[in-house]
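Asks: See upload-v8.pdb below, with PDB, C-alpha atoms.
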ATOM      1  CA  MET A   1      82.257  52.190  81.250
ATOM      2  CA  LEU A   2      79.115  53.705  82.737
ATOM      3  CA  LYS A   3      80.678  55.511  85.726
ATOM      4  CA  GLY A   4      77.359  55.621  87.601
ATOM      5  CA  PHE A   5      74.511  58.086  87.452
ATOM      6  CA  ASN A   6      74.992  61.385  85.641
ATOM      7  CA  GLU A   7      74.963  63.897  88.498
ATOM      8  CA  ASN A   8      73.512  66.595  86.218
ATOM      9  CA  PHE A   9      70.201  64.749  86.341
ATOM     10  CA  CYS A  10      68.207  65.040  89.558
ATOM     11  CA  ILE A  11      65.110  63.648  87.836
ATOM     12  CA  ILE A  12      64.906  61.150  84.957
ATOM     13  CA  GLU A  13      68.346  59.872  86.040
ATOM     14  CA  ASP A  14      67.158  56.274  85.821
ATOM     15  CA  PHE A  15      66.121  56.669  82.181
ATOM     16  CA  GLU A  16      69.389  58.396  81.348
ATOM     17  CA  ILE A  17      71.538  55.577  82.759
ATOM     18  CA  ILE A  18      69.407  52.894  81.073
ATOM     19  CA  ASN A  19      69.910  54.679  77.737
ATOM     20  CA  ARG A  20      73.685  54.468  78.261
ATOM     21  CA  VAL A  21      73.405  50.793  79.233
ATOM     22  CA  ARG A  22      71.473  50.054  76.038
ATOM     23  CA  LYS A  23      73.880  52.047  73.833
ATOM     24  CA  GLN A  24      76.781  50.002  75.197
ATOM     25  CA  GLN A  25      74.719  46.810  74.840
ATOM     26  CA  ILE A  26      75.350  45.825  78.440
ATOM     27  CA  PRO A  27      73.044  43.004  79.491
ATOM     28  CA  PHE A  28      70.755  43.898  82.390
ATOM     29  CA  ALA A  29      67.701  42.583  84.181
ATOM     30  CA  ILE A  30      64.980  44.237  86.200
ATOM     31  CA  ILE A  31      65.106  42.500  89.542
ATOM     32  CA  GLN A  32      62.096  44.100  91.232
ATOM     33  CA  PRO A  33      58.901  44.569  89.209
ATOM     34  CA  LYS A  34      57.270  46.821  91.815
ATOM     35  CA  ALA A  35      58.593  49.764  93.789
ATOM     36  CA  THR A  36      57.317  51.592  96.819
ATOM     37  CA  VAL A  37      57.325  55.368  96.445
ATOM     38  CA  SER A  38      56.555  58.254  98.735
ATOM     39  CA  ALA A  39      53.013  59.628  98.629
ATOM     40  CA  ARG A  40      54.118  63.176  99.488
ATOM     41  CA  LYS A  41      53.639  64.513  95.942
ATOM     42  CA  HIS A  42      50.143  63.121  95.872
ATOM     43  CA  THR A  43      48.982  64.860  99.054
ATOM     44  CA  CYS A  44      48.602  68.173  97.190
ATOM     45  CA  ASN A  45      48.261  66.811  93.659
ATOM     46  CA  SER A  46      46.087  64.179  92.074
ATOM     47  CA  TRP A  47      47.521  60.922  90.769
ATOM     48  CA  LEU A  48      46.575  62.026  87.249
ATOM     49  CA  LYS A  49      48.338  65.394  87.535
ATOM     50  CA  VAL A  50      51.548  63.824  88.871
ATOM     51  CA  ASN A  51      51.585  61.236  86.093
ATOM     52  CA  LEU A  52      50.825  63.772  83.367
ATOM     53  CA  ILE A  53      53.700  65.944  84.608
ATOM     54  CA  ASN A  54      55.998  62.914  84.680
ATOM     55  CA  GLY A  55      55.010  62.082  81.104
ATOM     56  CA  TYR A  56      55.552  65.664  79.967
ATOM     57  CA  VAL A  57      59.004  65.867  81.563
ATOM     58  CA  PHE A  58      59.906  62.477  80.058
ATOM     59  CA  LEU A  59      58.862  63.734  76.618
ATOM     60  CA  LYS A  60      61.070  66.793  77.064
ATOM     61  CA  TYR A  61      63.932  64.475  78.092
ATOM     62  CA  LYS A  62      63.457  62.471  74.885
ATOM     63  CA  LEU A  63      63.592  65.770  72.978
ATOM     64  CA  CYS A  64      67.050  66.395  74.525
ATOM     65  CA  VAL A  65      66.056  69.222  76.855
ATOM     66  CA  SER A  66      68.834  69.972  79.351
ATOM     67  CA  PRO A  67      68.685  68.457  82.852
ATOM     68  CA  ALA A  68      68.444  71.941  84.417
ATOM     69  CA  LYS A  69      65.398  72.808  82.297
ATOM     70  CA  LEU A  70      63.800  69.441  83.071
ATOM     71  CA  ARG A  71      64.178  70.090  86.791
ATOM     72  CA  LYS A  72      62.778  73.629  86.473
ATOM     73  CA  THR A  73      59.783  72.393  84.471
ATOM     74  CA  TYR A  74      59.084  69.640  86.973
ATOM     75  CA  LYS A  75      59.325  71.930  89.992
ATOM     76  CA  ASN A  76      57.168  74.630  88.357
ATOM     77  CA  LEU A  77      54.416  72.226  87.388
ATOM     78  CA  LEU A  78      54.368  70.222  90.589
TER      79      LEU A  78
END
What does the file become when written as structure tokens?
Replies:
Amino acid sequence: MLKGFNENFCIIEDFEIINRVRKQQIPFAIIQPKATVSARKHTCNSWLKVNLINGYVFLKYKLCVSPAKLRKTYKNLL
């Protein structure tokens, strides 16, 4: 059973739950190919910077860095 999002993750929580879905081989479908997001981060940062930071934090997630360290890294860089 998935039991919802892991509350330890305040970022990358969507990737974390999808990893659990895949490990349990639960069938799923993406129902919306596009999403609308807030532009607030981009008002002080370029699109490139925001996406590079997202990629860096995702890499750290894949390297099993703790959720608290991921959040700290993200906040410090952005």
Asks: May I have the residues within 9 Å of stretch 67-70 of chain A as a ChimeraX atom specification, using only C-alpha atoms and disregarding those fewer than 2 positions away in the same chain?
Replies: /A:8-12,57-58,60-61,64-65,72-75
Asks: Measuring between all atoms listed in the file, which one of A:Leu77, A:Leu2, A:Arg20, A:Gln32 shows the shortest distance to A:Leu52?
Replies: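 When distances to A:Leu52 are compared using all atoms listed in the file, the smallest one comes from A:Leu77.
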Asks: Quick one, how far is atom CA of A:Lys49 from atom CA of A:Leu78?
Replies: 8.3 Å
Asks: One decimal, Å: what's the distance from atom CA of A:Lys3 over to atom CA of A:Ile17, could you say?
Replies: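 Calculated distance between atom CA of A:Lys3 and atom CA of A:Ile17 is 9.6 Å.
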Asks: Atom CA of A:Ala35 to atom CA of A:Phe15: how many Å, to one decimal?
Replies: 15.5 Å
Asks: The centre and edge lengths of an axis-aligned box containing all atoms of stretch 26-32 of chain A present in the file, extended by 6 Å on each side, are to be given in Å to one decimal, as JSON.
Replies:
{"center_x": 68.7, "center_y": 44.2, "center_z": 84.8, "size_x": 25.3, "size_y": 15.3, "size_z": 24.8}
